[in-house]
>>> print(open('start_34.cif').read())   # mmCIF, C-alpha atoms
data_structure
#
loop_
_atom_site.group_PDB
_atom_site.id
_atom_site.type_symbol
_atom_site.label_atom_id
_atom_site.label_comp_id
_atom_site.auth_asym_id
_atom_site.auth_seq_id
_atom_site.Cartn_x
_atom_site.Cartn_y
_atom_site.Cartn_z
ATOM 1 C CA MET A 1 0.000 0.000 0.000
ATOM 2 C CA VAL A 2 1.307 3.460 -0.909
ATOM 3 C CA ARG A 3 1.584 5.767 2.100
ATOM 4 C CA ILE A 4 1.604 9.498 1.389
ATOM 5 C CA PRO A 5 2.424 12.086 4.065
ATOM 6 C CA ASP A 6 -0.324 14.594 4.885
ATOM 7 C CA ARG A 7 1.645 17.416 3.288
ATOM 8 C CA ASP A 8 1.627 15.569 -0.063
ATOM 9 C CA ARG A 9 -2.016 14.550 -0.192
ATOM 10 C CA SER A 10 -3.236 17.425 -2.317
ATOM 11 C CA ARG A 11 -0.311 17.463 -4.747
ATOM 12 C CA GLN A 12 -0.809 17.056 -8.475
ATOM 13 C CA VAL A 13 0.756 13.802 -9.648
ATOM 14 C CA ARG A 14 2.455 13.860 -13.040
ATOM 15 C CA GLY A 15 2.799 10.554 -14.815
ATOM 16 C CA CYS A 16 1.966 8.554 -11.663
ATOM 17 C CA GLU A 17 4.666 10.124 -9.510
ATOM 18 C CA VAL A 18 3.722 10.244 -5.827
ATOM 19 C CA ALA A 19 5.950 10.632 -2.794
ATOM 20 C CA GLY A 20 7.040 7.198 -1.651
ATOM 21 C CA HIS A 21 5.977 5.431 -4.854
ATOM 22 C CA LYS A 22 9.437 4.573 -6.166
ATOM 23 C CA GLU A 23 8.371 2.271 -9.000
ATOM 24 C CA ALA A 24 6.171 4.906 -10.626
ATOM 25 C CA ARG A 25 8.703 7.694 -10.127
ATOM 26 C CA LYS A 26 11.425 5.624 -11.742
ATOM 27 C CA VAL A 27 9.355 4.925 -14.850
ATOM 28 C CA CYS A 28 8.270 8.522 -15.271
ATOM 29 C CA VAL A 29 11.683 10.084 -14.675
ATOM 30 C CA LYS A 30 13.362 7.794 -17.181
ATOM 31 C CA GLY A 31 10.643 8.460 -19.722
ATOM 32 C CA VAL A 32 9.925 4.773 -20.292
ATOM 33 C CA LEU A 33 6.749 4.664 -22.366
ATOM 34 C CA LYS A 34 5.566 1.531 -24.120
ATOM 35 C CA LEU A 35 2.364 1.730 -26.152
ATOM 36 C CA TYR A 36 -0.009 -1.196 -26.588
ATOM 37 C CA ARG A 37 -1.950 -0.398 -29.756
ATOM 38 C CA LEU A 38 -5.539 -1.313 -30.583
ATOM 39 C CA PRO A 39 -5.833 -3.471 -33.747
ATOM 40 C CA ALA A 40 -8.639 -2.542 -36.153
ATOM 41 C CA ASP A 41 -10.442 -5.877 -35.767
ATOM 42 C CA LEU A 42 -10.411 -5.597 -31.973
ATOM 43 C CA ARG A 43 -11.905 -2.111 -32.159
ATOM 44 C CA GLU A 44 -15.105 -3.605 -33.587
ATOM 45 C CA GLU A 45 -15.241 -6.335 -30.939
ATOM 46 C CA LEU A 46 -14.899 -3.837 -28.102
ATOM 47 C CA LYS A 47 -18.025 -2.060 -29.286
ATOM 48 C CA LYS A 48 -19.898 -4.962 -27.672
ATOM 49 C CA PRO A 49 -20.495 -4.373 -23.936
ATOM 50 C CA LEU A 50 -17.982 -6.055 -21.616
ATOM 51 C CA GLY A 51 -20.641 -6.332 -18.915
ATOM 52 C CA LYS A 52 -24.281 -5.480 -18.236
ATOM 53 C CA LEU A 53 -25.631 -2.596 -20.318
ATOM 54 C CA VAL A 54 -27.908 -0.255 -18.377
ATOM 55 C CA ARG A 55 -29.828 1.673 -21.003
ATOM 56 C CA ASN A 56 -30.381 5.412 -20.762
ATOM 57 C CA GLU A 57 -34.124 5.034 -20.239
ATOM 58 C CA SER A 58 -33.557 2.907 -17.114
ATOM 59 C CA ILE A 59 -30.354 4.547 -15.891
ATOM 60 C CA SER A 60 -31.778 5.085 -12.392
ATOM 61 C CA SER A 61 -31.493 1.305 -11.845
ATOM 62 C CA LEU A 62 -27.718 1.768 -11.805
ATOM 63 C CA ARG A 63 -27.787 2.580 -8.102
ATOM 64 C CA GLY A 64 -29.072 -0.860 -7.172
ATOM 65 C CA LEU A 65 -26.515 -2.628 -9.361
ATOM 66 C CA ILE A 66 -23.509 -1.045 -7.663
ATOM 67 C CA GLU A 67 -24.831 -0.991 -4.111
ATOM 68 C CA GLY A 68 -22.342 -2.584 -1.736
ATOM 69 C CA ALA A 69 -19.418 -2.486 -4.184
ATOM 70 C CA LYS A 70 -15.965 -2.330 -2.594
ATOM 71 C CA LEU A 71 -14.817 0.216 -5.189
ATOM 72 C CA VAL A 72 -16.788 2.122 -7.799
ATOM 73 C CA ILE A 73 -14.663 3.162 -10.776
ATOM 74 C CA THR A 74 -15.883 5.279 -13.683
ATOM 75 C CA VAL A 75 -14.148 5.690 -17.028
ATOM 76 C CA GLY A 76 -15.233 8.620 -19.182
ATOM 77 C CA ASP A 77 -16.431 12.188 -18.643
ATOM 78 C CA GLU A 78 -20.063 11.526 -19.530
ATOM 79 C CA THR A 79 -20.182 8.404 -17.359
ATOM 80 C CA LEU A 80 -18.865 10.416 -14.426
ATOM 81 C CA ASP A 81 -21.417 13.165 -15.064
ATOM 82 C CA THR A 82 -24.250 10.624 -15.195
ATOM 83 C CA VAL A 83 -23.388 8.892 -11.919
ATOM 84 C CA LEU A 84 -22.915 12.221 -10.145
ATOM 85 C CA ARG A 85 -26.406 13.269 -11.238
ATOM 86 C CA LEU A 86 -27.679 10.018 -9.713
ATOM 87 C CA GLY A 87 -26.074 10.991 -6.412
ATOM 88 C CA ILE A 88 -23.217 8.496 -6.748
ATOM 89 C CA THR A 89 -19.639 9.635 -6.135
ATOM 90 C CA PRO A 90 -17.138 7.115 -7.535
ATOM 91 C CA ASP A 91 -14.057 6.124 -5.579
ATOM 92 C CA VAL A 92 -11.898 6.440 -8.701
ATOM 93 C CA PHE A 93 -12.770 8.384 -11.838
ATOM 94 C CA VAL A 94 -10.901 8.593 -15.144
ATOM 95 C CA VAL A 95 -11.510 11.485 -17.558
ATOM 96 C CA ASP A 96 -9.905 13.128 -20.573
ATOM 97 C CA GLY A 97 -12.014 16.292 -20.826
ATOM 98 C CA ARG A 98 -13.848 15.059 -23.917
ATOM 99 C CA VAL A 99 -17.152 13.439 -24.863
ATOM 100 C CA MET A 100 -17.280 11.678 -28.243
ATOM 101 C CA ARG A 101 -13.863 13.272 -28.940
ATOM 102 C CA ARG A 102 -15.228 16.795 -28.442
ATOM 103 C CA VAL A 103 -14.003 19.041 -25.650
ATOM 104 C CA ALA A 104 -16.443 18.968 -22.735
ATOM 105 C CA SER A 105 -16.558 20.796 -19.417
ATOM 106 C CA LEU A 106 -18.677 18.547 -17.240
ATOM 107 C CA LYS A 107 -18.934 18.525 -13.473
ATOM 108 C CA ARG A 108 -16.214 16.645 -11.583
ATOM 109 C CA PRO A 109 -15.721 16.015 -7.879
ATOM 110 C CA ARG A 110 -12.558 17.423 -6.360
ATOM 111 C CA PRO A 111 -10.365 14.380 -5.708
ATOM 112 C CA ARG A 112 -8.059 13.982 -2.760
ATOM 113 C CA PHE A 113 -5.453 12.504 -5.105
ATOM 114 C CA SER A 114 -5.026 13.655 -8.700
ATOM 115 C CA ILE A 115 -2.962 11.618 -11.169
ATOM 116 C CA ALA A 116 -2.076 13.109 -14.562
ATOM 117 C CA VAL A 117 -1.033 10.637 -17.227
ATOM 118 C CA LYS A 118 -0.393 10.462 -20.982
ATOM 119 C CA ASN A 119 -2.317 7.918 -23.022
ATOM 120 C CA PRO A 120 -2.427 8.522 -26.798
ATOM 121 C CA PRO A 121 -5.682 7.673 -28.640
ATOM 122 C CA GLY A 122 -6.084 4.030 -29.638
ATOM 123 C CA THR A 123 -3.505 2.812 -27.123
ATOM 124 C CA ILE A 124 -2.883 1.765 -23.558
ATOM 125 C CA SER A 125 0.426 3.208 -22.395
ATOM 126 C CA SER A 126 2.711 1.582 -19.842
ATOM 127 C CA GLU A 127 2.488 4.855 -17.915
ATOM 128 C CA SER A 128 -1.291 4.497 -17.801
ATOM 129 C CA ILE A 129 -1.055 0.964 -16.421
ATOM 130 C CA LEU A 130 1.083 2.319 -13.591
ATOM 131 C CA ALA A 131 -1.503 5.058 -13.046
ATOM 132 C CA VAL A 132 -4.240 2.417 -12.850
ATOM 133 C CA LYS A 133 -2.259 0.444 -10.269
ATOM 134 C CA LEU A 134 -1.528 3.545 -8.220
ATOM 135 C CA SER A 135 -5.128 4.760 -8.272
ATOM 136 C CA LEU A 136 -6.292 1.374 -7.001
ATOM 137 C CA GLU A 137 -3.687 1.389 -4.238
ATOM 138 C CA LEU A 138 -4.876 4.830 -3.136
ATOM 139 C CA GLY A 139 -8.414 3.496 -3.410
ATOM 140 C CA LYS A 140 -10.635 6.444 -2.504
ATOM 141 C CA GLU A 141 -11.163 9.988 -3.780
ATOM 142 C CA VAL A 142 -8.859 9.518 -6.762
ATOM 143 C CA GLY A 143 -9.068 11.304 -10.108
ATOM 144 C CA VAL A 144 -7.024 10.166 -13.107
ATOM 145 C CA LEU A 145 -6.687 12.963 -15.663
ATOM 146 C CA VAL A 146 -5.695 11.661 -19.082
ATOM 147 C CA ASP A 147 -3.820 13.634 -21.699
ATOM 148 C CA GLY A 148 -5.004 11.817 -24.819
ATOM 149 C CA GLU A 149 -7.833 9.297 -24.622
ATOM 150 C CA GLU A 150 -9.130 7.337 -21.654
ATOM 151 C CA ASP A 151 -11.526 4.836 -23.268
ATOM 152 C CA LEU A 152 -9.240 1.801 -23.352
ATOM 153 C CA LEU A 153 -8.196 2.174 -19.716
ATOM 154 C CA THR A 154 -11.400 0.313 -18.909
ATOM 155 C CA LEU A 155 -9.459 -2.872 -19.754
ATOM 156 C CA PRO A 156 -6.643 -2.610 -17.173
ATOM 157 C CA TYR A 157 -9.143 -1.435 -14.557
ATOM 158 C CA ILE A 158 -11.171 -4.603 -15.090
ATOM 159 C CA LEU A 159 -8.020 -6.724 -14.861
ATOM 160 C CA LEU A 160 -6.490 -5.062 -11.819
ATOM 161 C CA SER A 161 -9.455 -4.053 -9.661
ATOM 162 C CA PRO A 162 -9.810 -6.017 -6.422
ATOM 163 C CA PRO A 163 -12.718 -8.406 -5.835
ATOM 164 C CA GLY A 164 -16.000 -6.659 -5.181
ATOM 165 C CA SER A 165 -15.260 -3.687 -7.441
ATOM 166 C CA VAL A 166 -17.413 -2.427 -10.300
ATOM 167 C CA ILE A 167 -16.187 -0.572 -13.368
ATOM 168 C CA LEU A 168 -18.579 1.726 -15.236
ATOM 169 C CA TYR A 169 -18.038 3.044 -18.743
ATOM 170 C CA GLY A 170 -20.209 4.546 -21.454
ATOM 171 C CA GLN A 171 -21.814 2.765 -24.385
ATOM 172 C CA PRO A 172 -22.286 5.638 -26.883
ATOM 173 C CA GLY A 173 -25.922 6.478 -27.505
ATOM 174 C CA GLU A 174 -27.158 3.564 -25.384
ATOM 175 C CA GLY A 175 -26.219 3.854 -21.725
ATOM 176 C CA ILE A 176 -23.628 2.715 -19.201
ATOM 177 C CA VAL A 177 -21.929 -0.670 -18.999
ATOM 178 C CA VAL A 178 -21.429 -2.187 -15.538
ATOM 179 C CA VAL A 179 -18.552 -4.672 -15.266
ATOM 180 C CA ASP A 180 -17.937 -6.797 -12.189
ATOM 181 C CA SER A 181 -14.211 -7.006 -11.463
ATOM 182 C CA SER A 182 -14.437 -10.801 -11.312
ATOM 183 C CA ASP A 183 -15.358 -10.916 -15.015
ATOM 184 C CA LYS A 184 -11.835 -10.433 -16.379
ATOM 185 C CA GLU A 185 -11.458 -12.858 -19.284
ATOM 186 C CA ARG A 186 -12.561 -10.660 -22.205
ATOM 187 C CA ALA A 187 -10.455 -7.764 -20.939
ATOM 188 C CA ARG A 188 -7.446 -10.049 -20.535
ATOM 189 C CA LEU A 189 -7.781 -11.460 -24.057
ATOM 190 C CA ALA A 190 -8.223 -7.975 -25.528
ATOM 191 C CA MET A 191 -5.067 -6.681 -23.866
ATOM 192 C CA GLU A 192 -3.102 -9.729 -24.973
ATOM 193 C CA ARG A 193 -4.143 -9.028 -28.560
ATOM 194 C CA MET A 194 -2.760 -5.520 -28.076
ATOM 195 C CA GLY A 195 0.613 -7.044 -27.191
ATOM 196 C CA TRP A 196 0.390 -6.917 -23.403
ATOM 197 C CA ARG A 197 1.593 -9.836 -21.300
ATOM 198 C CA GLU A 198 0.442 -10.499 -17.753
ATOM 199 C CA LYS A 199 3.874 -11.198 -16.245
ATOM 200 C CA GLY A 200 4.556 -8.910 -13.332
ATOM 201 C CA LEU A 201 1.163 -7.209 -13.418
ATOM 202 C CA LYS A 202 -0.849 -7.972 -10.302
ATOM 203 C CA SER A 203 -3.769 -6.439 -8.473
ATOM 204 C CA PRO A 204 -2.945 -4.240 -5.471
#
>>> encode(input="start_34.cif", output="structure tokens")
Amino acid sequence: MVRIPDRDRSRQVRGCEVAGHKEARKVCVKGVLKLYRLPADLREELKKPLGKLVRNESISSLRGLIEGAKLVITVGDETLDTVLRLGITPDVFVVDGRVMRRVASLKRPRPRFSIAVKNPPGTISSESILAVKLSLELGKEVGVLVDGEEDLLTLPYILLSPPGSVILYGQPGEGIVVVDSSDKERARLAMERMGWREKGLKSP
């Protein structure tokens, strides 16, 4: 577990760097950045929901589906905006300041920990995977601010989230997808097709 002194708790984190988190600092300082790229054929497959689709017309039922979750994680600006309007504050949220690739200024909670990370469109960066791990270690009141595109970070969140977590992401024009963290197989296979290998990557 990462322990951060009180004086550092409100600091902006660049590329996953947090006081006391030596692994992340080392990667960011050295500029190590590996990109796992999304193949065209996989792009079509990922348009199918990875979990239960809650349609816009019944979005209020979302509250019951996530009740009792150990961690609630949202990926996407519009998803975050939707759950906030339902009175739900996620433990971890991931945003890139865009909705359907257009700049958007939607409401966000003020996180206790803020992680800024680069993740180019159509990829999952090694830096982003470290940011995912760090955000899960911190666990509560965490915002991950992505320079690039956040959509694909749903996959490592599904893989790395502890048991009892739920991951929420948007299905354009339809609603929000709810993924139980125990349902990892499709996410694992997708990341492997992007060139990722599981060795050394474990849940917090």
>>> resolve_selection(input="start_34.cif", expression="the PyMOL selection byres ((chain A and resi 119) around 8)", output="list in words")
Val117, Lys118, Pro120, Pro121, Thr123, Ile124, Ser125, Glu127, Ser128, Val146, Asp147, Gly148, Glu149 and Glu150 of chain A
>>> closest_residue(input="start_34.cif", among="A:Val177, A:Arg37, A:Ala190, A:Asp183", to="A:Leu65", atoms="only C-alpha atoms")
A:Val177
>>> closest_residue(input="start_34.cif", among="A:Leu134, A:Leu38, A:Leu46, A:Leu33", to="A:Met194", atoms="only C-alpha atoms")
A:Leu38
>>> residues_around(input="start_34.cif", residues="stretch 67-71 of chain A", least_positions_apart="3", cutoff="7 Å", atoms="all atoms listed in the file", output="list in words")
Arg63, Gly64, Asp91, Gly164, Ser165 and Val166 of chain A
>>> closest_residue(input="start_34.cif", among="A:Ala131, A:Val142, A:Ile59, A:Leu35", to="A:Thr74", atoms="all atoms listed in the file")
A:Val142
>>> closest_residue(input="start_34.cif", among="A:Glu192, A:Asp81, A:Asp41, A:Glu141", to="A:Pro156", atoms="all atoms listed in the file")
A:Glu192
>>> atom_distance(input="start_34.cif", atom1="atom CA of A:Arg43", atom2="atom CA of A:Arg193")
11.0 Å
>>> resolve_selection(input="start_34.cif", expression="the PyMOL selection byres ((chain A and resi 145) around 8)", output="ChimeraX atom specification")
/A:94-96,114-117,143-144,146-147
